[in-house]
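**Student:** Just one file: final.csv, with CSV, C-alpha atoms.
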chain,number,residue,atom,x,y,z
A,354,LYS,CA,7.9,-2.7,18.4
A,355,ALA,CA,9.1,0.1,16.2
A,356,GLY,CA,7.4,0.5,12.9
A,357,VAL,CA,8.8,0.3,9.4
A,358,THR,CA,11.2,3.1,8.9
A,359,GLN,CA,12.4,4.6,5.6
A,360,THR,CA,15.2,7.0,4.9
A,361,PRO,CA,15.5,9.6,3.6
A,362,ARG,CA,12.0,11.0,3.9
A,363,TYR,CA,12.5,13.5,1.1
A,364,LEU,CA,14.9,13.6,-1.8
A,365,ILE,CA,15.5,15.9,-4.7
A,366,LYS,CA,17.6,14.7,-7.6
A,367,THR,CA,18.2,15.8,-11.2
A,368,ARG,CA,17.6,13.7,-14.3
A,369,GLY,CA,20.3,11.2,-15.0
A,370,GLN,CA,21.4,10.8,-11.4
A,371,GLN,CA,20.9,7.7,-9.4
A,372,VAL,CA,19.3,7.3,-6.0
A,373,THR,CA,19.3,4.7,-3.2
A,374,LEU,CA,16.4,4.5,-0.8
A,375,SER,CA,16.5,2.5,2.5
A,376,CYS,CA,13.9,0.5,4.4
A,377,SER,CA,14.1,-1.1,7.8
A,378,PRO,CA,11.3,-3.5,8.5
A,379,ILE,CA,9.6,-4.2,11.8
A,380,SER,CA,11.9,-6.4,13.9
A,381,GLY,CA,11.4,-10.0,13.1
A,382,HIS,CA,9.8,-9.4,9.7
A,383,ARG,CA,11.5,-11.1,6.8
A,384,SER,CA,9.5,-10.0,3.9
A,385,VAL,CA,9.9,-6.5,2.4
A,386,SER,CA,8.0,-5.1,-0.5
A,387,TRP,CA,8.4,-1.9,-2.4
A,388,TYR,CA,5.7,0.2,-4.0
A,389,GLN,CA,5.6,3.4,-6.1
A,390,GLN,CA,2.8,5.8,-5.8
A,391,THR,CA,2.0,8.5,-8.3
A,392,PRO,CA,-1.1,10.6,-8.9
A,393,GLY,CA,-1.5,9.1,-12.4
A,394,GLN,CA,-0.8,5.4,-11.8
A,395,GLY,CA,-1.7,5.0,-8.2
A,396,LEU,CA,0.1,2.4,-6.1
A,397,GLN,CA,2.2,0.0,-8.1
A,398,PHE,CA,4.2,-3.0,-6.9
A,399,LEU,CA,7.9,-2.8,-7.6
A,400,PHE,CA,9.4,-6.0,-6.0
A,401,GLU,CA,9.4,-8.2,-2.9
A,402,TYR,CA,12.3,-9.7,-1.0
A,403,PHE,CA,12.2,-12.5,1.5
A,404,SER,CA,15.3,-13.8,3.2
A,405,GLU,CA,17.6,-11.8,0.9
A,406,THR,CA,16.0,-13.3,-2.3
A,407,GLN,CA,13.8,-11.3,-4.7
A,408,ARG,CA,10.6,-13.4,-5.0
A,409,ASN,CA,8.8,-11.3,-7.5
A,410,LYS,CA,9.2,-8.1,-9.6
A,411,GLY,CA,6.6,-5.8,-11.0
A,412,ASN,CA,6.5,-4.2,-14.4
A,413,PHE,CA,9.2,-1.7,-14.0
A,414,PRO,CA,12.3,-1.1,-16.2
A,415,GLY,CA,15.7,-2.5,-15.2
A,416,ARG,CA,16.7,0.9,-13.9
A,417,PHE,CA,14.8,-0.1,-10.7
A,418,SER,CA,16.6,-2.6,-8.6
A,419,GLY,CA,16.8,-3.6,-5.0
A,420,ARG,CA,18.4,-5.9,-2.5
A,421,GLN,CA,17.9,-7.2,1.0
A,422,PHE,CA,20.5,-7.7,3.7
A,423,SER,CA,20.8,-10.5,6.2
A,424,ASN,CA,19.2,-8.3,8.9
A,425,SER,CA,16.1,-7.9,6.5
A,426,ARG,CA,16.8,-4.3,5.8
A,427,SER,CA,16.3,-3.5,2.2
A,428,GLU,CA,17.5,-0.9,-0.3
A,429,MET,CA,16.0,0.2,-3.6
A,430,ASN,CA,18.1,1.8,-6.3
A,431,VAL,CA,17.0,3.8,-9.3
A,432,SER,CA,19.6,4.6,-11.9
A,433,THR,CA,19.5,7.2,-14.7
A,434,LEU,CA,16.6,9.1,-13.1
A,435,GLU,CA,13.8,10.4,-15.3
A,436,LEU,CA,11.2,13.1,-14.5
A,437,GLY,CA,8.5,10.4,-14.4
A,438,ASP,CA,10.3,8.7,-11.5
A,439,SER,CA,9.1,11.5,-9.2
A,440,ALA,CA,6.9,9.6,-6.7
A,441,LEU,CA,6.3,8.5,-3.2
A,442,TYR,CA,8.2,5.2,-2.7
A,443,LEU,CA,6.7,3.0,0.0
A,444,CYS,CA,8.1,-0.1,1.6
A,445,ALA,CA,6.1,-2.6,3.5
A,446,SER,CA,7.1,-5.5,5.7
A,447,SER,CA,5.4,-8.7,6.9
A,448,PRO,CA,6.5,-11.4,9.3
A,449,ASP,CA,7.0,-14.5,7.2
A,450,GLY,CA,4.5,-15.1,4.4
A,451,PRO,CA,2.6,-13.2,1.8
A,452,LEU,CA,-0.8,-14.0,3.3
A,453,GLU,CA,0.0,-11.8,6.4
A,454,THR,CA,-0.8,-8.2,6.8
A,455,GLN,CA,1.8,-5.9,5.3
A,456,TYR,CA,2.8,-2.9,7.4
A,457,PHE,CA,3.9,0.2,5.5
A,458,GLY,CA,6.5,2.8,6.3
A,459,PRO,CA,6.0,6.6,5.9
A,460,GLY,CA,7.6,6.6,2.4
A,461,THR,CA,10.3,8.5,0.7
A,462,ARG,CA,9.2,11.4,-1.5
A,463,LEU,CA,11.5,11.6,-4.5
A,464,THR,CA,11.4,14.6,-6.8
A,465,VAL,CA,13.4,14.5,-10.0
A,466,LEU,CA,14.1,17.9,-11.6
B,13,SER,CA,-3.4,-3.4,-14.1
B,14,GLN,CA,-5.6,-2.4,-11.1
B,15,GLN,CA,-7.5,-5.2,-9.4
B,16,GLY,CA,-9.6,-3.0,-7.1
B,17,GLU,CA,-11.8,-0.2,-8.1
B,18,GLU,CA,-13.2,2.1,-5.5
B,19,ASP,CA,-16.4,3.9,-5.6
B,20,PRO,CA,-17.0,6.8,-5.1
B,21,GLN,CA,-13.7,8.5,-6.0
B,22,ALA,CA,-14.4,11.3,-3.6
B,23,LEU,CA,-16.8,11.7,-0.7
B,24,SER,CA,-17.6,14.7,1.5
B,25,ILE,CA,-19.7,14.4,4.7
B,26,GLN,CA,-20.3,16.1,7.9
B,27,GLU,CA,-18.8,15.0,11.2
B,28,GLY,CA,-21.0,12.4,12.9
B,29,GLU,CA,-22.4,11.0,9.6
B,30,ASN,CA,-21.5,7.5,8.3
B,31,ALA,CA,-19.2,7.0,5.3
B,32,THR,CA,-19.5,4.1,3.0
B,33,MET,CA,-16.9,3.2,0.4
B,34,ASN,CA,-17.1,0.4,-2.1
B,35,CYS,CA,-14.4,-1.7,-3.8
B,36,SER,CA,-14.9,-4.1,-6.7
B,37,TYR,CA,-12.3,-6.5,-8.0
B,38,LYS,CA,-11.9,-8.8,-10.9
B,39,THR,CA,-10.3,-12.1,-10.0
B,40,SER,CA,-10.5,-14.6,-7.2
B,41,ILE,CA,-8.9,-13.5,-4.0
B,42,ASN,CA,-7.5,-15.0,-0.8
B,43,ASN,CA,-8.1,-11.9,1.2
B,44,LEU,CA,-8.9,-8.2,0.9
B,45,GLN,CA,-7.4,-5.4,2.9
B,46,TRP,CA,-8.3,-1.8,3.5
B,47,TYR,CA,-5.7,0.9,4.1
B,48,ARG,CA,-5.9,4.6,5.0
B,49,GLN,CA,-3.5,7.2,3.8
B,50,ASN,CA,-3.3,10.7,5.2
B,51,SER,CA,-2.1,13.4,2.8
B,52,GLY,CA,0.5,11.5,0.8
B,53,ARG,CA,2.0,9.8,3.8
B,54,GLY,CA,2.4,6.1,4.6
B,55,LEU,CA,-0.5,3.6,4.5
B,56,VAL,CA,-2.0,2.5,7.7
B,57,HIS,CA,-3.5,-0.9,7.7
B,58,LEU,CA,-7.2,-1.0,8.8
B,59,ILE,CA,-8.7,-4.4,8.3
B,60,LEU,CA,-7.9,-7.7,6.6
B,61,ILE,CA,-10.9,-9.8,5.6
B,62,ARG,CA,-10.3,-13.3,4.3
B,63,SER,CA,-12.3,-14.8,1.4
B,64,ASN,CA,-14.2,-17.1,3.8
B,65,GLU,CA,-15.4,-14.2,5.9
B,66,ARG,CA,-18.4,-12.1,5.2
B,67,GLU,CA,-18.1,-9.3,7.7
B,68,LYS,CA,-15.5,-7.9,10.1
B,69,HIS,CA,-15.6,-5.1,12.7
B,70,SER,CA,-12.8,-3.0,14.2
B,71,GLY,CA,-14.0,-0.1,16.4
B,72,ARG,CA,-16.0,2.3,14.2
B,73,LEU,CA,-15.1,0.3,11.1
B,74,ARG,CA,-17.1,-2.4,9.4
B,75,VAL,CA,-16.0,-4.3,6.4
B,76,THR,CA,-18.1,-6.6,4.3
B,77,LEU,CA,-17.1,-9.0,1.6
B,78,ASP,CA,-19.3,-10.5,-1.1
B,79,THR,CA,-17.1,-12.9,-3.1
B,80,SER,CA,-20.0,-13.8,-5.4
B,81,LYS,CA,-20.2,-10.1,-6.5
B,82,LYS,CA,-16.5,-9.6,-6.2
B,83,SER,CA,-17.0,-6.6,-4.0
B,84,SER,CA,-16.3,-5.2,-0.6
B,85,SER,CA,-17.5,-2.2,1.4
B,86,LEU,CA,-15.9,-0.2,4.2
B,87,LEU,CA,-18.3,1.6,6.6
B,88,ILE,CA,-17.0,4.3,9.0
B,89,THR,CA,-19.6,5.1,11.6
B,90,ALA,CA,-19.9,8.4,13.4
B,91,SER,CA,-17.1,10.0,11.3
B,92,ARG,CA,-14.7,12.5,12.8
B,93,ALA,CA,-12.6,15.2,11.1
B,94,ALA,CA,-9.6,13.0,11.8
B,95,ASP,CA,-11.0,10.4,9.4
B,96,THR,CA,-10.3,12.7,6.5
B,97,ALA,CA,-7.9,10.7,4.3
B,98,SER,CA,-7.7,8.5,1.3
B,99,TYR,CA,-8.9,4.9,1.6
B,100,PHE,CA,-7.6,2.1,-0.5
B,101,CYS,CA,-8.7,-1.5,-0.9
B,102,ALA,CA,-6.0,-4.0,-1.9
B,103,THR,CA,-6.4,-7.6,-2.9
B,104,GLY,CA,-3.9,-10.2,-1.9
B,105,PRO,CA,-1.2,-10.6,-1.0
B,106,ASP,CA,-0.8,-13.1,-3.7
B,107,VAL,CA,0.2,-16.5,-2.3
B,108,ASP,CA,3.1,-16.8,-4.7
B,109,THR,CA,4.3,-13.2,-5.2
B,110,GLY,CA,3.3,-11.5,-2.0
B,111,LYS,CA,2.0,-8.7,-4.2
B,112,LEU,CA,-0.8,-6.4,-3.1
B,113,ILE,CA,-2.9,-4.9,-5.9
B,114,PHE,CA,-4.4,-1.6,-5.0
B,115,GLY,CA,-7.4,0.3,-6.2
B,116,GLN,CA,-7.3,4.0,-7.0
B,117,GLY,CA,-8.8,4.9,-3.7
B,118,THR,CA,-11.6,7.0,-2.3
B,119,THR,CA,-10.8,10.5,-0.9
B,120,LEU,CA,-12.9,11.1,2.2
B,121,GLN,CA,-13.4,14.6,3.6
B,122,VAL,CA,-15.1,14.9,6.9
B,123,LYS,CA,-16.2,18.5,7.7
B,124,PRO,CA,-16.3,19.6,11.3
The structure given in the file should be rewritten as structure tokens.
**Tutor:**
Amino acid sequence: KAGVTQTPRYLIKTRGQQVTLSCSPISGHRSVSWYQQTPGQGLQFLFEYFSETQRNKGNFPGRFSGRQFSNSRSEMNVSTLELGDSALYLCASSPDGPLETQYFGPGTRLTVL
Amino acid sequence: SQQGEEDPQALSIQEGENATMNCSYKTSINNLQWYRQNSGRGLVHLILIRSNEREKHSGRLRVTLDTSKKSSSLLITASRAADTASYFCATGPDVDTGKLIFGQGTTLQVKP
């Protein structure tokens, strides 16, 4: 099976712009989670989607949003970008439940200038 | 807040030596996972150990879990230069939220 894919791999934006990141889970996986990784804060949970429903959200401002489509693909949107949003954004998928292993994609490196 | 804390933060060894990384956590867990990350790329899942397990092996990797001490260790035997990476422990996923909580990681350098 193909692994988790994320597009684009690299992105450069300027402050105030918005960005949409995409994640395609492993075929058959219905749960998709998003994480932000920065040198200062490490890996932090953004949100998790299962069967098109957001099940939980981390402690991020409302500028960060997401959605999941019927084919389990997920998108994450960040509006009004700030310099501090520069990070590696990782998505992870798992088959059905939260107790199963989560498989990560290669990430999208976002740089905000 | 971070659940897992790794120790040491950085480790440098020679090829062929063993590397041991430790992870401590604060609350009760269902399971604990170890991941590897090469140079700011995606995370690769290594091992998942459940709370009722004490030890698990996968190739050159050995993970132990001591729930009474709220700690886990990852041992890499006969290390190779290709093992150079950052290693993270993560607790969960939480049954209700599916959320993994990661430690800050141990950066391992294996010198050829």
**Student:** Near A:Ser439, within 7 Å and counting only C-alpha atoms, which residues show up once chain neighbours fewer than 5 positions away are dropped, as a PyMOL selection string?
**Tutor:** chain A and resi 463-465
**Student:** Enumerate as an MDAnalysis selection string the residues belonging to chain B that approach chain A to within 12 Å, with only C-alpha atoms taken into account.
**Tutor:** chainID B and resid 13:17 41:63 98 100:118
**Student:** Point out the residue among A:Lys354, A:Arg362, A:Arg416, A:Arg368 with the least atom-to-atom distance to A:Leu434, counting only C-alpha atoms.
**Tutor:**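 The shortest atom-to-atom distance to A:Leu434 comes from A:Arg368.
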**Student:** Nearest residue to B:Pro124 out of B:Thr32, B:Tyr99, B:Ser70, B:Ala90, using all atoms listed in the file?
**Tutor:**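 So, comparing all the options, the nearest one is B:Ala90.
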**Student:** Using only C-alpha atoms, can you tell me which of A:Thr367, A:Thr360, A:Pro378, A:Phe413 comes closest to A:Arg426?
**Tutor:** A:Pro378
**Student:** How far is it from atom CA of B:Leu77 to atom CA of B:Asn30, in Å with one decimal?
**Tutor:**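 A separation of 18.3 Å between them.
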**Student:** I want to know what sits within 12 Å of B:Ile25, based on all atoms listed in the file, with residues of the same chain fewer than 6 positions away left out; could you give that as a PyMOL selection string?
**Tutor:** chain B and resi 31-32+88-93+95-96+119-124
**Student:** Could you check which of B:Asn34, B:Asp19, B:Gly28, B:Ser84 is closest to B:Arg72, using all atoms listed in the file?
**Tutor:**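 When distances to B:Arg72 are compared using all atoms listed in the file, the smallest one comes from B:Gly28.
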**Student:** Please indicate the distance in Å from atom CA of A:Gly437 to atom CA of A:Gly415, rounded to one decimal place.
**Tutor:**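 So the answer is 14.8 Å.
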**Student:** Quick one: distance from atom CA of A:Gly356 to atom CA of A:Phe422 in Å, one decimal?
**Tutor:**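 These atoms are spaced 18.0 Å apart.
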**Student:** What's around A:Arg383 at 6 Å? Count all atoms listed in the file, leave out sequence neighbours fewer than 5 positions away in its own chain, and write the answer as an mmCIF file with C-alpha atoms, in the frame of the given file.
**Tutor:**
data_model
loop_
_atom_site.group_PDB
_atom_site.id
_atom_site.type_symbol
_atom_site.label_atom_id
_atom_site.label_comp_id
_atom_site.auth_asym_id
_atom_site.auth_seq_id
_atom_site.Cartn_x
_atom_site.Cartn_y
_atom_site.Cartn_z
ATOM 1 C CA PHE A 403 12.200 -12.500 1.500
ATOM 2 C CA SER A 404 15.300 -13.800 3.200
ATOM 3 C CA SER A 425 16.100 -7.900 6.500
ATOM 4 C CA PRO A 448 6.500 -11.400 9.300
ATOM 5 C CA ASP A 449 7.000 -14.500 7.200
#
**Student:** Give me the residues near A:Asn430 as a ChimeraX atom specification, where near means some atom within 7 Å (using only C-alpha atoms) and where sequence neighbours in that chain fewer than 3 positions away do not count.
**Tutor:** /A:372-374,417-419
**Student:** Please reconstruct the missing atoms of stretch 355-366 of chain A (target: all heavy atoms) and return them as a PDB file, in the frame of the given file.
**Tutor:**
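Result written to selection-v1.pdb:
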ATOM      1  N   ALA A 355       9.062  -1.012  17.119  1.00  0.00           N
ATOM      2  CA  ALA A 355       9.100   0.100  16.200  1.00  0.00           C
ATOM      3  C   ALA A 355       8.535  -0.279  14.876  1.00  0.00           C
ATOM      4  O   ALA A 355       8.591  -1.436  14.465  1.00  0.00           O
ATOM      5  CB  ALA A 355      10.587   0.556  16.048  1.00  0.00           C
ATOM      6  N   GLY A 356       7.961   0.719  14.187  1.00  0.00           N
ATOM      7  CA  GLY A 356       7.400   0.500  12.900  1.00  0.00           C
ATOM      8  C   GLY A 356       8.386   0.394  11.795  1.00  0.00           C
ATOM      9  O   GLY A 356       9.598   0.453  12.026  1.00  0.00           O
ATOM     10  N   VAL A 357       7.900   0.325  10.582  1.00  0.00           N
ATOM     11  CA  VAL A 357       8.800   0.300   9.400  1.00  0.00           C
ATOM     12  C   VAL A 357       9.345   1.737   9.244  1.00  0.00           C
ATOM     13  O   VAL A 357       8.596   2.728   9.312  1.00  0.00           O
ATOM     14  CB  VAL A 357       7.991  -0.059   8.146  1.00  0.00           C
ATOM     15  CG1 VAL A 357       8.893   0.002   6.920  1.00  0.00           C
ATOM     16  CG2 VAL A 357       7.385  -1.448   8.317  1.00  0.00           C
ATOM     17  N   THR A 358      10.630   1.823   9.061  1.00  0.00           N
ATOM     18  CA  THR A 358      11.200   3.100   8.900  1.00  0.00           C
ATOM     19  C   THR A 358      11.865   3.211   7.473  1.00  0.00           C
ATOM     20  O   THR A 358      12.375   2.217   6.946  1.00  0.00           O
ATOM     21  CB  THR A 358      12.327   3.424   9.928  1.00  0.00           C
ATOM     22  OG1 THR A 358      13.314   2.389   9.874  1.00  0.00           O
ATOM     23  CG2 THR A 358      11.713   3.442  11.318  1.00  0.00           C
ATOM     24  N   GLN A 359      11.792   4.404   6.912  1.00  0.00           N
ATOM     25  CA  GLN A 359      12.400   4.600   5.600  1.00  0.00           C
ATOM     26  C   GLN A 359      13.206   5.890   5.632  1.00  0.00           C
ATOM     27  O   GLN A 359      12.826   6.901   6.236  1.00  0.00           O
ATOM     28  CB  GLN A 359      11.257   4.805   4.537  1.00  0.00           C
ATOM     29  CG  GLN A 359      10.484   3.533   4.265  1.00  0.00           C
ATOM     30  CD  GLN A 359       9.505   3.710   3.121  1.00  0.00           C
ATOM     31  OE1 GLN A 359       8.297   3.630   3.310  1.00  0.00           O
ATOM     32  NE2 GLN A 359      10.025   3.911   1.919  1.00  0.00           N
ATOM     33  N   THR A 360      14.356   5.815   4.975  1.00  0.00           N
ATOM     34  CA  THR A 360      15.200   7.000   4.900  1.00  0.00           C
ATOM     35  C   THR A 360      15.749   7.121   3.460  1.00  0.00           C
ATOM     36  O   THR A 360      15.955   6.107   2.769  1.00  0.00           O
ATOM     37  CB  THR A 360      16.425   6.866   5.844  1.00  0.00           C
ATOM     38  OG1 THR A 360      17.137   5.659   5.568  1.00  0.00           O
ATOM     39  CG2 THR A 360      15.979   6.890   7.291  1.00  0.00           C
ATOM     40  N   PRO A 361      15.967   8.356   2.981  1.00  0.00           N
ATOM     41  CA  PRO A 361      15.500   9.600   3.600  1.00  0.00           C
ATOM     42  C   PRO A 361      14.006   9.769   3.436  1.00  0.00           C
ATOM     43  O   PRO A 361      13.379   9.010   2.700  1.00  0.00           O
ATOM     44  CB  PRO A 361      16.300  10.654   2.884  1.00  0.00           C
ATOM     45  CG  PRO A 361      16.458  10.083   1.506  1.00  0.00           C
ATOM     46  CD  PRO A 361      16.617   8.594   1.686  1.00  0.00           C
ATOM     47  N   ARG A 362      13.415  10.736   4.064  1.00  0.00           N
ATOM     48  CA  ARG A 362      12.000  11.000   3.900  1.00  0.00           C
ATOM     49  C   ARG A 362      11.734  11.825   2.629  1.00  0.00           C
ATOM     50  O   ARG A 362      10.697  11.683   1.984  1.00  0.00           O
ATOM     51  CB  ARG A 362      11.428  11.727   5.105  1.00  0.00           C
ATOM     52  CG  ARG A 362      11.419  10.890   6.378  1.00  0.00           C
ATOM     53  CD  ARG A 362      10.396   9.735   6.308  1.00  0.00           C
ATOM     54  NE  ARG A 362       9.099  10.194   5.861  1.00  0.00           N
ATOM     55  CZ  ARG A 362       8.193  10.763   6.641  1.00  0.00           C
ATOM     56  NH1 ARG A 362       8.450  10.944   7.921  1.00  0.00           N
ATOM     57  NH2 ARG A 362       7.031  11.134   6.150  1.00  0.00           N
ATOM     58  N   TYR A 363      12.655  12.682   2.308  1.00  0.00           N
ATOM     59  CA  TYR A 363      12.500  13.500   1.100  1.00  0.00           C
ATOM     60  C   TYR A 363      13.857  13.561   0.380  1.00  0.00           C
ATOM     61  O   TYR A 363      14.912  13.543   0.999  1.00  0.00           O
ATOM     62  CB  TYR A 363      12.114  14.961   1.511  1.00  0.00           C
ATOM     63  CG  TYR A 363      10.819  15.031   2.272  1.00  0.00           C
ATOM     64  CD1 TYR A 363      10.808  14.984   3.671  1.00  0.00           C
ATOM     65  CD2 TYR A 363       9.606  15.127   1.603  1.00  0.00           C
ATOM     66  CE1 TYR A 363       9.610  15.033   4.369  1.00  0.00           C
ATOM     67  CE2 TYR A 363       8.406  15.177   2.301  1.00  0.00           C
ATOM     68  CZ  TYR A 363       8.427  15.124   3.687  1.00  0.00           C
ATOM     69  OH  TYR A 363       7.242  15.167   4.372  1.00  0.00           O
ATOM     70  N   LEU A 364      13.754  13.633  -0.932  1.00  0.00           N
ATOM     71  CA  LEU A 364      14.900  13.600  -1.800  1.00  0.00           C
ATOM     72  C   LEU A 364      14.684  14.367  -3.046  1.00  0.00           C
ATOM     73  O   LEU A 364      13.629  14.200  -3.669  1.00  0.00           O
ATOM     74  CB  LEU A 364      15.258  12.133  -2.097  1.00  0.00           C
ATOM     75  CG  LEU A 364      16.671  11.667  -2.397  1.00  0.00           C
ATOM     76  CD1 LEU A 364      17.663  12.173  -1.373  1.00  0.00           C
ATOM     77  CD2 LEU A 364      16.688  10.142  -2.431  1.00  0.00           C
ATOM     78  N   ILE A 365      15.626  15.204  -3.418  1.00  0.00           N
ATOM     79  CA  ILE A 365      15.500  15.900  -4.700  1.00  0.00           C
ATOM     80  C   ILE A 365      16.753  15.579  -5.513  1.00  0.00           C
ATOM     81  O   ILE A 365      17.881  15.725  -5.047  1.00  0.00           O
ATOM     82  CB  ILE A 365      15.434  17.448  -4.484  1.00  0.00           C
ATOM     83  CG1 ILE A 365      14.186  17.789  -3.669  1.00  0.00           C
ATOM     84  CG2 ILE A 365      15.406  18.172  -5.829  1.00  0.00           C
ATOM     85  CD1 ILE A 365      14.063  19.254  -3.308  1.00  0.00           C
ATOM     86  N   LYS A 366      16.513  15.106  -6.721  1.00  0.00           N
ATOM     87  CA  LYS A 366      17.600  14.700  -7.600  1.00  0.00           C
ATOM     88  C   LYS A 366      17.335  15.335  -8.990  1.00  0.00           C
ATOM     89  O   LYS A 366      16.247  15.825  -9.282  1.00  0.00           O
ATOM     90  CB  LYS A 366      17.660  13.190  -7.753  1.00  0.00           C
ATOM     91  CG  LYS A 366      18.089  12.460  -6.488  1.00  0.00           C
ATOM     92  CD  LYS A 366      19.562  12.617  -6.242  1.00  0.00           C
ATOM     93  CE  LYS A 366      20.052  11.768  -5.095  1.00  0.00           C
ATOM     94  NZ  LYS A 366      21.521  11.908  -4.898  1.00  0.00           N
TER      95      LYS A 366
END
